file coords_35.cif (mmCIF, C-alpha atoms and all ligand atoms)
data_target
#
loop_
_atom_site.label_atom_id
_atom_site.label_comp_id
_atom_site.auth_asym_id
_atom_site.auth_seq_id
_atom_site.Cartn_x
_atom_site.Cartn_y
_atom_site.Cartn_z
CA MET A 78 -22.79 -15.91 -4.90
CA PRO A 79 -19.77 -15.12 -7.10
CA SER A 80 -16.92 -17.58 -6.73
CA TYR A 81 -14.21 -15.90 -4.68
CA PRO A 82 -10.52 -16.89 -4.53
CA LYS A 83 -9.66 -19.49 -1.86
CA PHE A 84 -6.53 -17.65 -0.72
CA VAL A 85 -5.86 -13.91 -0.61
CA THR A 86 -2.33 -12.49 -0.37
CA VAL A 87 -2.32 -9.38 1.78
CA HIS A 88 0.23 -6.68 0.97
CA GLU A 89 0.67 -4.72 4.22
CA VAL A 90 1.35 -1.02 3.62
CA GLY A 91 0.83 0.41 7.13
CA PRO A 92 4.48 1.27 7.88
CA ARG A 93 4.72 3.14 4.55
CA ASP A 94 1.34 4.42 3.37
CA GLY A 95 0.14 4.69 6.96
CA LEU A 96 3.05 6.44 8.57
CA GLN A 97 3.78 8.78 5.61
CA ASN A 98 0.64 10.67 6.48
CA GLU A 99 0.86 10.96 10.25
CA ALA A 100 1.34 14.38 11.78
CA ARG A 101 3.12 13.03 14.85
CA ALA A 102 6.76 12.04 14.29
CA VAL A 103 7.15 8.35 15.06
CA PRO A 104 10.53 7.36 16.54
CA THR A 105 12.53 4.95 14.39
CA SER A 106 12.60 2.41 17.22
CA ASP A 107 8.77 2.31 17.27
CA LYS A 108 8.67 1.76 13.50
CA VAL A 109 11.15 -1.10 13.83
CA ARG A 110 9.14 -2.72 16.65
CA PHE A 111 5.98 -2.31 14.59
CA ILE A 112 7.47 -3.90 11.46
CA ASP A 113 8.98 -6.75 13.48
CA ALA A 114 5.58 -7.41 15.07
CA LEU A 115 3.89 -7.36 11.64
CA SER A 116 6.49 -9.87 10.41
CA ALA A 117 5.34 -12.32 13.09
CA THR A 118 1.64 -12.27 12.11
CA GLY A 119 1.92 -14.53 9.07
CA LEU A 120 1.95 -11.64 6.56
CA SER A 121 4.17 -12.50 3.58
CA ARG A 122 4.58 -8.91 2.34
CA VAL A 123 5.33 -5.74 4.31
CA GLU A 124 6.01 -2.37 2.66
CA ILE A 125 8.24 -0.80 5.25
CA THR A 126 9.13 2.73 4.10
CA SER A 127 9.92 5.04 1.12
CA PHE A 128 13.26 6.27 -0.17
CA VAL A 129 11.74 9.56 -1.29
CA SER A 130 12.83 13.14 -0.75
CA PRO A 131 12.69 14.03 2.98
CA LYS A 132 11.59 17.50 1.85
CA TRP A 133 8.44 15.91 0.44
CA ILE A 134 7.82 13.18 3.04
CA PRO A 135 9.70 14.02 6.25
CA GLN A 136 7.87 11.25 8.12
CA LEU A 137 9.93 8.60 6.30
CA SER A 138 13.33 10.32 6.32
CA ASP A 139 14.71 7.45 8.44
CA SER A 140 14.16 4.90 5.65
CA SER A 141 17.75 3.62 5.63
CA GLU A 142 17.86 3.16 9.40
CA VAL A 143 14.48 1.44 9.47
CA SER A 144 15.50 -0.92 6.66
CA THR A 145 18.76 -1.91 8.28
CA SER A 146 17.37 -2.20 11.83
CA ILE A 147 14.41 -4.54 11.33
CA SER A 148 14.76 -8.29 11.82
CA ARG A 149 14.08 -9.85 8.47
CA ALA A 150 11.87 -12.88 8.92
CA ALA A 151 12.11 -15.82 6.53
CA GLY A 152 9.24 -15.91 4.05
CA VAL A 153 8.45 -12.18 4.32
CA HIS A 154 9.07 -9.85 1.36
CA TYR A 155 10.10 -6.40 2.58
CA SER A 156 9.70 -3.55 0.10
CA ALA A 157 9.97 0.23 -0.12
CA LEU A 158 8.80 2.94 -2.52
CA VAL A 159 11.43 4.61 -4.71
CA PRO A 160 10.67 7.74 -6.77
CA ASN A 161 13.94 7.89 -8.75
CA MET A 162 17.44 6.43 -9.18
CA ARG A 163 18.68 8.00 -5.98
CA GLY A 164 15.92 6.25 -4.04
CA LEU A 165 16.79 2.94 -5.69
CA ASP A 166 20.50 3.36 -4.88
CA ASN A 167 19.64 3.99 -1.23
CA ALA A 168 17.33 0.96 -1.17
CA ILE A 169 20.13 -1.18 -2.61
CA LYS A 170 22.55 0.15 0.04
CA ALA A 171 20.00 -0.79 2.70
CA GLU A 172 19.96 -4.31 1.20
CA LEU A 173 16.30 -4.35 0.26
CA LYS A 174 15.36 -7.02 -2.25
CA GLU A 175 12.16 -5.36 -3.46
CA VAL A 176 11.14 -1.82 -4.41
CA ALA A 177 7.98 -0.23 -5.74
CA VAL A 178 7.72 2.51 -8.35
CA PHE A 179 4.64 4.72 -8.50
CA LEU A 180 2.82 6.98 -10.91
CA SER A 181 -0.70 8.26 -11.37
CA SER A 182 -3.27 7.83 -14.10
CA SER A 183 -4.06 11.56 -13.95
CA GLU A 184 -1.51 14.24 -14.86
CA THR A 185 -2.27 16.69 -12.06
CA HIS A 186 -1.89 14.13 -9.27
CA ASN A 187 1.29 12.79 -10.83
CA LYS A 188 2.73 16.30 -10.97
CA LYS A 189 1.72 17.17 -7.40
CA ASN A 190 3.04 13.85 -6.08
CA THR A 191 6.33 13.62 -7.97
CA ASN A 192 6.85 16.90 -9.87
CA LYS A 193 6.82 15.01 -13.16
CA THR A 194 4.47 14.41 -16.06
CA ILE A 195 3.30 10.83 -16.50
CA ASP A 196 5.60 10.43 -19.52
CA GLU A 197 8.56 11.73 -17.48
CA SER A 198 7.74 9.22 -14.74
CA VAL A 199 7.62 6.36 -17.24
CA ALA A 200 10.95 7.46 -18.71
CA ALA A 201 12.59 7.72 -15.27
CA PHE A 202 11.18 4.37 -14.11
CA THR A 203 12.33 2.63 -17.28
CA GLU A 204 15.91 3.10 -16.04
CA VAL A 205 15.10 2.54 -12.37
CA ILE A 206 13.33 -0.77 -13.06
CA ALA A 207 16.11 -1.97 -15.36
CA LYS A 208 18.74 -1.26 -12.72
CA ALA A 209 16.68 -2.87 -9.94
CA LEU A 210 16.13 -6.02 -12.00
CA GLY A 211 19.84 -6.06 -12.84
CA ALA A 212 20.55 -5.98 -9.09
CA GLY A 213 18.33 -9.04 -8.66
CA MET A 214 15.40 -7.18 -7.07
CA ARG A 215 11.66 -7.54 -7.54
CA VAL A 216 9.80 -4.40 -8.61
CA ARG A 217 6.15 -3.63 -7.96
CA GLY A 218 4.32 -0.88 -9.86
CA TYR A 219 1.66 1.36 -8.36
CA ILE A 220 -0.89 3.24 -10.42
CA SER A 221 -2.72 5.89 -8.42
CA THR A 222 -6.01 7.75 -8.98
CA VAL A 223 -7.36 4.78 -10.99
CA PHE A 224 -10.96 5.39 -9.94
CA GLY A 225 -10.88 9.18 -9.71
CA CYS A 226 -8.48 12.06 -9.18
CA PRO A 227 -8.89 14.72 -6.48
CA TYR A 228 -7.91 17.40 -9.02
CA GLU A 229 -9.29 16.14 -12.35
CA GLY A 230 -12.27 13.98 -11.35
CA ASP A 231 -13.00 11.10 -13.73
CA VAL A 232 -10.12 9.04 -15.09
CA ASP A 233 -10.19 7.25 -18.43
CA PRO A 234 -9.82 3.46 -17.83
CA ALA A 235 -7.89 3.24 -21.13
CA VAL A 236 -5.07 5.20 -19.44
CA VAL A 237 -5.04 2.70 -16.57
CA VAL A 238 -4.88 -0.21 -19.02
CA ARG A 239 -2.03 1.42 -20.97
CA LEU A 240 0.00 2.23 -17.84
CA SER A 241 -0.55 -1.27 -16.41
CA GLU A 242 0.76 -2.80 -19.63
CA THR A 243 3.69 -0.39 -19.66
CA LEU A 244 4.80 -1.08 -16.08
CA LEU A 245 4.53 -4.83 -16.59
CA SER A 246 6.41 -4.69 -19.88
CA LEU A 247 9.20 -2.74 -18.13
CA GLY A 248 9.57 -5.63 -15.68
CA CYS A 249 7.25 -5.02 -12.72
CA TYR A 250 6.02 -8.36 -11.38
CA GLU A 251 2.63 -6.86 -10.49
CA VAL A 252 0.64 -3.63 -10.69
CA ALA A 253 -1.29 -2.32 -7.69
CA LEU A 254 -4.28 -0.26 -8.81
CA GLY A 255 -5.01 2.47 -6.31
CA ASP A 256 -8.19 4.20 -5.28
CA THR A 257 -5.97 6.92 -3.85
CA VAL A 258 -8.74 9.12 -2.50
CA GLY A 259 -11.29 6.40 -1.78
CA VAL A 260 -13.97 7.43 -4.27
CA ALA A 261 -14.58 4.13 -6.04
CA ASN A 262 -17.75 2.08 -5.83
CA PRO A 263 -18.11 -1.68 -6.44
CA LYS A 264 -19.79 -1.30 -9.85
CA GLN A 265 -17.02 0.97 -11.07
CA VAL A 266 -14.40 -1.42 -9.69
CA VAL A 267 -15.87 -4.28 -11.73
CA ASP A 268 -16.09 -2.08 -14.85
CA VAL A 269 -12.54 -0.68 -14.67
CA LEU A 270 -10.85 -3.92 -13.57
CA GLY A 271 -12.82 -5.76 -16.25
CA GLU A 272 -11.12 -3.56 -18.86
CA VAL A 273 -7.68 -4.11 -17.30
CA LEU A 274 -8.18 -7.88 -17.13
CA ASP A 275 -8.99 -7.98 -20.86
CA THR A 276 -5.25 -7.66 -21.50
CA VAL A 277 -3.48 -8.15 -18.14
CA ALA A 278 -3.15 -11.52 -16.38
CA ILE A 279 -5.10 -11.67 -13.13
CA GLU A 280 -2.13 -12.86 -11.03
CA LYS A 281 -0.36 -9.60 -11.90
CA VAL A 282 -3.07 -7.29 -10.56
CA ALA A 283 -3.47 -6.13 -6.95
CA VAL A 284 -5.95 -3.63 -5.54
CA HIS A 285 -5.10 -0.80 -3.15
CA MET A 286 -8.25 0.76 -1.72
CA HIS A 287 -8.45 3.76 0.58
CA ASP A 288 -11.48 3.90 2.84
CA THR A 289 -12.40 7.59 2.75
CA GLN A 290 -16.10 6.95 2.16
CA GLY A 291 -16.32 3.56 3.88
CA THR A 292 -16.44 1.61 0.61
CA ALA A 293 -12.98 -0.02 0.61
CA LEU A 294 -14.12 -3.45 1.84
CA ALA A 295 -17.03 -3.52 -0.62
CA ASN A 296 -14.64 -2.50 -3.41
CA VAL A 297 -12.19 -5.27 -2.50
CA LEU A 298 -15.02 -7.80 -2.52
CA ALA A 299 -16.06 -6.55 -5.96
CA ALA A 300 -12.47 -7.02 -7.18
CA MET A 301 -12.39 -10.51 -5.62
CA SER A 302 -15.57 -11.42 -7.49
CA LEU A 303 -13.46 -11.09 -10.65
CA GLY A 304 -10.80 -13.37 -9.17
CA ILE A 305 -8.36 -10.70 -7.90
CA HIS A 306 -6.48 -12.26 -4.98
CA ILE A 307 -3.80 -9.74 -4.00
CA VAL A 308 -5.05 -6.98 -1.74
CA ASP A 309 -3.25 -4.06 -0.09
CA ALA A 310 -4.24 -3.07 3.41
CA SER A 311 -2.92 -1.11 6.33
CA VAL A 312 -3.09 -2.23 9.95
CA GLY A 313 -5.57 -0.17 11.92
CA GLY A 314 -6.56 1.68 8.74
CA LEU A 315 -3.53 3.94 9.07
CA GLY A 316 -2.79 6.11 6.10
CA GLY A 317 -3.54 8.42 3.22
CA CYS A 318 -1.60 10.28 0.57
CA PRO A 319 -0.17 13.69 1.53
CA TYR A 320 -0.56 14.85 -2.09
CA ALA A 321 -4.19 13.74 -2.37
CA PRO A 322 -6.33 16.08 -0.24
CA GLY A 323 -9.16 14.31 1.54
CA ALA A 324 -7.63 10.84 1.21
CA SER A 325 -7.93 8.89 4.42
CA GLY A 326 -6.44 5.57 5.47
CA ASN A 327 -6.26 2.33 3.57
CA LEU A 328 -8.62 -0.49 4.24
CA ALA A 329 -7.73 -1.80 7.73
CA THR A 330 -5.87 -5.11 7.47
CA GLU A 331 -7.72 -6.67 10.40
CA ASP A 332 -11.13 -5.73 8.93
CA LEU A 333 -10.12 -7.43 5.68
CA VAL A 334 -8.62 -10.52 7.32
CA ALA A 335 -11.62 -10.91 9.67
CA MET A 336 -14.08 -10.76 6.77
CA LEU A 337 -12.06 -13.24 4.73
CA ALA A 338 -11.72 -15.62 7.69
CA GLY A 339 -15.50 -15.50 8.17
CA MET A 340 -15.94 -16.39 4.49
CA GLY A 341 -13.54 -19.34 4.81
CA ILE A 342 -10.93 -17.60 2.62
CA GLU A 343 -7.40 -18.14 3.86
CA THR A 344 -4.70 -15.49 4.28
CA GLY A 345 -2.21 -17.28 6.55
CA ILE A 346 -2.50 -14.36 9.00
CA ASP A 347 -3.13 -14.58 12.75
CA LEU A 348 -5.89 -12.08 13.51
CA ASP A 349 -5.06 -11.73 17.22
CA LYS A 350 -1.44 -10.86 16.44
CA LEU A 351 -2.64 -8.37 13.84
CA VAL A 352 -4.86 -6.67 16.41
CA ASP A 353 -1.87 -6.43 18.77
CA CYS A 354 0.01 -4.58 15.95
CA SER A 355 -2.96 -2.28 15.52
CA VAL A 356 -3.05 -1.49 19.25
CA MET A 357 0.71 -0.86 19.14
CA ALA A 358 0.34 1.60 16.23
CA SER A 359 -2.56 3.38 17.89
CA THR A 360 -0.44 3.79 21.04
CA PHE A 361 2.65 5.26 19.38
CA ILE A 362 0.59 7.45 17.03
CA GLY A 363 -1.45 8.68 19.97
CA ARG A 364 -4.90 8.44 18.43
CA GLU A 365 -7.68 5.96 17.89
CA LEU A 366 -7.38 4.27 14.49
CA PRO A 367 -10.41 3.72 12.24
CA SER A 368 -10.33 -0.11 12.19
CA LYS A 369 -13.76 -1.49 13.08
CA TYR A 370 -12.51 -4.96 14.01
CA MET A 371 -9.93 -3.58 16.42
CA LYS A 372 -12.57 -1.51 18.24
CA ALA A 373 -14.92 -4.48 18.55
CA HIS A 374 -12.17 -6.89 19.55
CA VAL A 375 -10.43 -4.67 22.09
CA GLY A 376 -13.80 -3.59 23.51
CA LYS A 377 -14.81 -7.25 23.94
CA LYS A 378 -11.53 -8.06 25.69
CA GLN A 379 -11.94 -5.07 28.05
CA ARG A 380 -15.53 -6.07 28.91
CA ALA A 381 -14.41 -9.65 29.58
CA HIS A 382 -11.59 -8.31 31.78
CA ARG A 383 -14.02 -6.11 33.80
CA MET A 384 -16.38 -9.07 34.33
CA SER A 385 -13.62 -11.46 35.45
P1 LIG B 1 11.82 17.37 -6.94
O1 LIG B 1 11.73 18.48 -5.93
O2 LIG B 1 11.27 17.61 -8.28
O3 LIG B 1 13.27 16.77 -7.19
O4 LIG B 1 11.12 16.10 -6.27
P2 LIG B 1 14.71 17.25 -6.92
O5 LIG B 1 15.55 16.31 -7.69
O6 LIG B 1 14.83 18.72 -7.19
O7 LIG B 1 14.92 16.98 -5.37
C1 LIG B 1 14.46 17.80 -4.33
C2 LIG B 1 15.30 17.54 -3.09
O8 LIG B 1 15.11 16.20 -2.66
C3 LIG B 1 16.80 17.66 -3.37
O9 LIG B 1 17.40 18.06 -2.16
C4 LIG B 1 17.22 16.25 -3.70
O10 LIG B 1 18.57 16.01 -3.44
C5 LIG B 1 16.33 15.45 -2.75
P3 LIG B 1 18.17 19.50 -2.07
O11 LIG B 1 19.18 19.49 -3.14
O12 LIG B 1 17.06 20.51 -2.32
O13 LIG B 1 18.68 19.52 -0.67
N1 LIG B 1 16.00 14.13 -3.27
C6 LIG B 1 16.06 13.00 -2.53
N2 LIG B 1 16.44 12.79 -1.26
C7 LIG B 1 16.39 11.51 -0.81
N3 LIG B 1 15.95 10.48 -1.58
C8 LIG B 1 15.56 10.67 -2.84
C9 LIG B 1 15.61 11.98 -3.36
N4 LIG B 1 15.29 12.50 -4.57
C10 LIG B 1 15.54 13.81 -4.49
N5 LIG B 1 15.14 9.64 -3.56
C11 LIG B 1 10.75 13.72 -6.05
C12 LIG B 1 10.94 14.88 -7.01
C13 LIG B 1 10.24 12.56 -6.89
C14 LIG B 1 12.07 13.38 -5.40
C15 LIG B 1 9.71 14.13 -4.97
O14 LIG B 1 8.58 14.59 -5.64
C16 LIG B 1 9.31 13.00 -4.06
O15 LIG B 1 10.11 12.49 -3.30
N6 LIG B 1 8.01 12.62 -4.11
C17 LIG B 1 7.49 11.54 -3.29
C18 LIG B 1 6.07 11.81 -2.90
C19 LIG B 1 5.51 10.65 -2.13
O16 LIG B 1 6.22 9.87 -1.53
N7 LIG B 1 4.16 10.55 -2.13
C20 LIG B 1 3.48 9.52 -1.43
C21 LIG B 1 3.68 8.16 -2.01
S1 LIG B 1 2.59 7.80 -3.36
C22 LIG B 1 1.14 7.24 -2.60
O17 LIG B 1 1.00 7.35 -1.40
C23 LIG B 1 0.10 6.56 -3.43
C24 LIG B 1 0.12 5.04 -3.26
O18 LIG B 1 -0.13 4.68 -1.91
C25 LIG B 1 -0.95 4.38 -4.15
C26 LIG B 1 -2.35 4.98 -4.00
O19 LIG B 1 -2.83 5.21 -2.88
O20 LIG B 1 -2.98 5.15 -5.06
C27 LIG B 1 1.46 4.43 -3.67
MG MG B 2 -2.07 4.63 -0.97
#

call {"tool": "encode", "arguments": {"input": "coords_35.cif", "output": "structure tokens", "more": "lines below"}}
Ligand code: HMG
Ligand code: MG
result
Amino acid sequence: MPSYPKFVTVHEVGPRDGLQNEARAVPTSDKVRFIDALSATGLSRVEITSFVSPKWIPQLSDSSEVSTSISRAAGVHYSALVPNMRGLDNAIKAELKEVAVFLSSSETHNKKNTNKTIDESVAAFTEVIAKALGAGMRVRGYISTVFGCPYEGDVDPAVVVRLSETLLSLGCYEVALGDTVGVANPKQVVDVLGEVLDTVAIEKVAVHMHDTQGTALANVLAAMSLGIHIVDASVGGLGGCPYAPGASGNLATEDLVAMLAGMGIETGIDLDKLVDCSVMASTFIGRELPSKYMKAHVGKKQRAHRMS
């Protein structure tokens, strides 16, 4: 057996990556309830929304209201995506202490997602990151399409390495490497991350796996076999990227936490409370979510209830 980390930090992206892709409009009050419930599970990081153009992502057009309405729990880092200076200014007004910038390792996805070339994104984020750091914020950097692009196919790992180094040198505290469309496999994860880890410190690398082909958990385990210990996930498996056709939800947080608990790896997260959040999201979204653990757990509870 490889030696896995003893503790995994889970970066919850359900309220952002999950809800950005839902067809049904979710009332702000439901989002706030959802984020407050997530804050009580033991999660130390919750990505709550995006300060992006409402023309591009109408689902998150209430980002300011969400940010100012949640109850901020001690010990939880709340963050939001920003695509440009305007987004950062709005995040500062909403008193967020952490933002995330994002770009892709393939030109076509970067253009479709942000209407910029990769170089233009780097130039814009150079100023955004500097201002955020000057305002005392933490900045996370996302790199999308790391394991394959829905438009261009294969991605050169050297581009991922270069962009990781660039975002970290600009001041990001960590880079999250995204399998945006969920096409990675565990061997590829080890190969690509191996190249990144040749020059980037392991504590600065997180993985962000979508579960389109059911391989997200296996891919996370492959990353953990290298020592990666920061993992993005989305309660219920909510999510996708509206500018990545075919991308489905992120790895479900409860599936990840349940597997880790079974392996004796700590996360500090209460699985029952997480499942309650998943049930809450499924109710306000109005559809069954893909999480396997939730189905098994809720089914077991219902059977026990019928028998009692
Ligand atoms: P653009 O159309 O080139 O820019 O969009 P623009 O400056 O012409 O702005 C268009 C309109 O949006 C204007 O309004 C601006 O004022 C407004 P109008 O004048 O037409 O009425 N606008 C804004 N409004 C509010 N907040 C802002 C803002 N900026 C402009 N910050 C832009 C460029 C970057 C803004 C746009 O492309 C955008 O917002 N893109 C975001 C797309 C997005 O959020 N994608 C999903 C997140 S990435 C993801 O999911 C992947 C990830 O999960 C990792 C992975 O899975 O790999 C992170
Ligand atoms: Mg994503």

call {"tool": "closest_residue", "arguments": {"input": "coords_35.cif", "among": "A:Gly313, A:Asp256, A:Gly376, A:Tyr219", "to": "Thr360 in chain A", "atoms": "all atoms listed in the file"}}
result
A:Gly313

call {"tool": "residues_near_ligand", "arguments": {"input": "coords_35.cif", "ligand": "ligand LIG 1 (chain B)", "cutoff": "8 Å", "atoms": "all atoms listed in the file", "output": "PyMOL selection string"}}
result
chain A and resi 94+97+127-134+138+158-165+167+179-181+189-193+219-223+253-258+285-287+317-320+327

call {"tool": "residues_around", "arguments": {"input": "coords_35.cif", "residues": "Leu298 in chain A", "least_positions_apart": "4", "cutoff": "9 Å", "atoms": "all atoms listed in the file", "output": "MDAnalysis selection string"}}
result
chainID A and resid 81 263 293:294 302:303

call {"tool": "write_last_selection", "arguments": {"input": "coords_35.cif", "atoms": "C-alpha atoms", "output": "mmCIF file, in the coordinates of the input"}}
result
data_model
loop_
_atom_site.group_PDB
_atom_site.id
_atom_site.type_symbol
_atom_site.label_atom_id
_atom_site.label_comp_id
_atom_site.auth_asym_id
_atom_site.auth_seq_id
_atom_site.Cartn_x
_atom_site.Cartn_y
_atom_site.Cartn_z
ATOM 1 C CA TYR A 81 -14.210 -15.900 -4.680
ATOM 2 C CA PRO A 263 -18.110 -1.680 -6.440
ATOM 3 C CA ALA A 293 -12.980 -0.020 0.610
ATOM 4 C CA LEU A 294 -14.120 -3.450 1.840
ATOM 5 C CA SER A 302 -15.570 -11.420 -7.490
ATOM 6 C CA LEU A 303 -13.460 -11.090 -10.650
#

call {"tool": "atom_distance", "arguments": {"input": "coords_35.cif", "atom1": "atom MG of ligand MG 2 (chain B)", "atom2": "CA of Ala157 in chain A"}}
result
12.8 Å

call {"tool": "atom_distance", "arguments": {"input": "coords_35.cif", "atom1": "CA of Thr243 in chain A", "atom2": "CA of Ala177 in chain A"}}
result
14.6 Å

call {"tool": "closest_residue", "arguments": {"input": "coords_35.cif", "among": "A:Arg239, A:Arg217, A:Arg101, A:Arg122", "to": "Arg364 in chain A", "atoms": "all atoms listed in the file"}}
result
A:Arg101

call {"tool": "residues_around", "arguments": {"input": "coords_35.cif", "residues": "Leu173 in chain A", "least_positions_apart": "4", "cutoff": "10 Å", "atoms": "all atoms listed in the file", "output": "ChimeraX atom specification"}}
result
/A:141,144-145,154-157,165,167-169,214-215

call {"tool": "write_last_selection", "arguments": {"input": "coords_35.cif", "atoms": "C-alpha atoms", "output": "PDB file, in the coordinates of the input"}}
result
ATOM      1  CA  SER A 141      17.750   3.620   5.630  1.00  0.00           C
ATOM      2  CA  SER A 144      15.500  -0.920   6.660  1.00  0.00           C
ATOM      3  CA  THR A 145      18.760  -1.910   8.280  1.00  0.00           C
ATOM      4  CA  HIS A 154       9.070  -9.850   1.360  1.00  0.00           C
ATOM      5  CA  TYR A 155      10.100  -6.400   2.580  1.00  0.00           C
ATOM      6  CA  SER A 156       9.700  -3.550   0.100  1.00  0.00           C
ATOM      7  CA  ALA A 157       9.970   0.230  -0.120  1.00  0.00           C
ATOM      8  CA  LEU A 165      16.790   2.940  -5.690  1.00  0.00           C
ATOM      9  CA  ASN A 167      19.640   3.990  -1.230  1.00  0.00           C
ATOM     10  CA  ALA A 168      17.330   0.960  -1.170  1.00  0.00           C
ATOM     11  CA  ILE A 169      20.130  -1.180  -2.610  1.00  0.00           C
ATOM     12  CA  MET A 214      15.400  -7.180  -7.070  1.00  0.00           C
ATOM     13  CA  ARG A 215      11.660  -7.540  -7.540  1.00  0.00           C
TER      14      ARG A 215
END

call {"tool": "atom_distance", "arguments": {"input": "coords_35.cif", "atom1": "CA of Ser148 in chain A", "atom2": "CA of Pro135 in chain A"}}
result
23.5 Å

call {"tool": "residues_near_point", "arguments": {"input": "coords_35.cif", "point": "(10.5, -4.1, 18.9)", "cutoff": "12 Å", "atoms": "all atoms listed in the file", "output": "list in words"}}
result
Pro104, Thr105, Ser106, Asp107, Lys108, Val109, Arg110, Phe111, Ile112, Asp113, Ala114, Leu115, Ser116, Ala117, Val143, Ser146, Ile147, Ser148, Cys354, Met357 and Ala358 of chain A

call {"tool": "residues_around", "arguments": {"input": "coords_35.cif", "residues": "Ser311 in chain A", "least_positions_apart": "3", "cutoff": "7 Å", "atoms": "only C-alpha atoms", "output": "PyMOL selection string"}}
result
chain A and resi 89-91+95+314-315+327-330

call {"tool": "closest_residue", "arguments": {"input": "coords_35.cif", "among": "A:Ser359, A:Ser325, A:Ser121, A:Asn98", "to": "Val85 in chain A", "atoms": "only C-alpha atoms"}}
result
A:Ser121

call {"tool": "closest_residue", "arguments": {"input": "coords_35.cif", "among": "A:Ser368, A:Ser355, A:Ser241, A:Thr289", "to": "ligand MG 2 (chain B)", "atoms": "all atoms listed in the file"}}
result
A:Thr289

call {"tool": "residues_around", "arguments": {"input": "coords_35.cif", "residues": "Ala300 in chain A", "least_positions_apart": "3", "cutoff": "8 Å", "atoms": "all atoms listed in the file", "output": "JSON, numbers by chain"}}
result
{"A": [263, 266, 267, 270, 284, 296, 297, 303, 304, 305]}

call {"tool": "closest_residue", "arguments": {"input": "coords_35.cif", "among": "A:Pro79, A:Pro92, A:Gly213, A:Pro367", "to": "ligand MG 2 (chain B)", "atoms": "all atoms listed in the file"}}
result
A:Pro92

call {"tool": "residues_around", "arguments": {"input": "coords_35.cif", "residues": "Gln290 in chain A", "least_positions_apart": "6", "cutoff": "10 Å", "atoms": "only C-alpha atoms", "output": "list of chain:residue names"}}
result
A:Val258, A:Gly259, A:Val260, A:Ala261, A:Asn262, A:Ala324, A:Ser325

call {"tool": "closest_residue", "arguments": {"input": "coords_35.cif", "among": "A:Gly339, A:Gly152, A:Gly119, A:Gly218", "to": "Ala283 in chain A", "atoms": "all atoms listed in the file"}}
result
A:Gly218

call {"tool": "axis_aligned_box", "arguments": {"input": "coords_35.cif", "around": "range 209-228 of chain A", "padding_each_side": "8 Å", "output": "JSON"}}
result
{"center_x": 4.8, "center_y": 4.2, "center_z": -9.7, "size_x": 47.5, "size_y": 42.4, "size_z": 22.4}

call {"tool": "build_atoms", "arguments": {"input": "coords_35.cif", "residues": "range 281-293 of chain A", "atoms": "N, CA and C atoms", "output": "JSON list (two decimals), in the coordinates of the input"}}
result
[["chain", "number", "residue", "atom", "x", "y", "z"],
["A", 281, "LYS", "N", -1.26, -10.76, -11.92],
["A", 281, "LYS", "CA", -0.36, -9.60, -11.90],
["A", 281, "LYS", "C", -1.07, -8.33, -11.43],
["A", 282, "VAL", "N", -2.30, -8.48, -10.95],
["A", 282, "VAL", "CA", -3.07, -7.29, -10.56],
["A", 282, "VAL", "C", -3.44, -7.35, -9.07],
["A", 283, "ALA", "N", -3.09, -6.28, -8.36],
["A", 283, "ALA", "CA", -3.47, -6.13, -6.95],
["A", 283, "ALA", "C", -4.37, -4.89, -6.84],
["A", 284, "VAL", "N", -5.16, -4.85, -5.77],
["A", 284, "VAL", "CA", -5.95, -3.63, -5.54],
["A", 284, "VAL", "C", -5.52, -2.95, -4.25],
["A", 285, "HIS", "N", -5.60, -1.63, -4.26],
["A", 285, "HIS", "CA", -5.10, -0.80, -3.15],
["A", 285, "HIS", "C", -6.20, 0.24, -2.88],
["A", 286, "MET", "N", -7.06, -0.08, -1.93],
["A", 286, "MET", "CA", -8.25, 0.76, -1.72],
["A", 286, "MET", "C", -8.15, 1.61, -0.45],
["A", 287, "HIS", "N", -8.33, 2.89, -0.60],
["A", 287, "HIS", "CA", -8.45, 3.76, 0.58],
["A", 287, "HIS", "C", -9.92, 3.81, 0.98],
["A", 288, "ASP", "N", -10.13, 4.09, 2.29],
["A", 288, "ASP", "CA", -11.48, 3.90, 2.84],
["A", 288, "ASP", "C", -12.18, 5.20, 3.18],
["A", 289, "THR", "N", -11.90, 6.25, 2.43],
["A", 289, "THR", "CA", -12.40, 7.59, 2.75],
["A", 289, "THR", "C", -13.92, 7.63, 2.93],
["A", 290, "GLN", "N", -14.63, 6.91, 2.09],
["A", 290, "GLN", "CA", -16.10, 6.95, 2.16],
["A", 290, "GLN", "C", -16.69, 5.64, 2.69],
["A", 291, "GLY", "N", -15.83, 4.81, 3.29],
["A", 291, "GLY", "CA", -16.32, 3.56, 3.88],
["A", 291, "GLY", "C", -16.62, 2.45, 2.87],
["A", 292, "THR", "N", -16.10, 2.59, 1.65],
["A", 292, "THR", "CA", -16.44, 1.61, 0.61],
["A", 292, "THR", "C", -15.28, 0.66, 0.26],
["A", 293, "ALA", "N", -14.16, 0.76, 1.00],
["A", 293, "ALA", "CA", -12.98, -0.02, 0.61],
["A", 293, "ALA", "C", -13.25, -1.53, 0.64]]
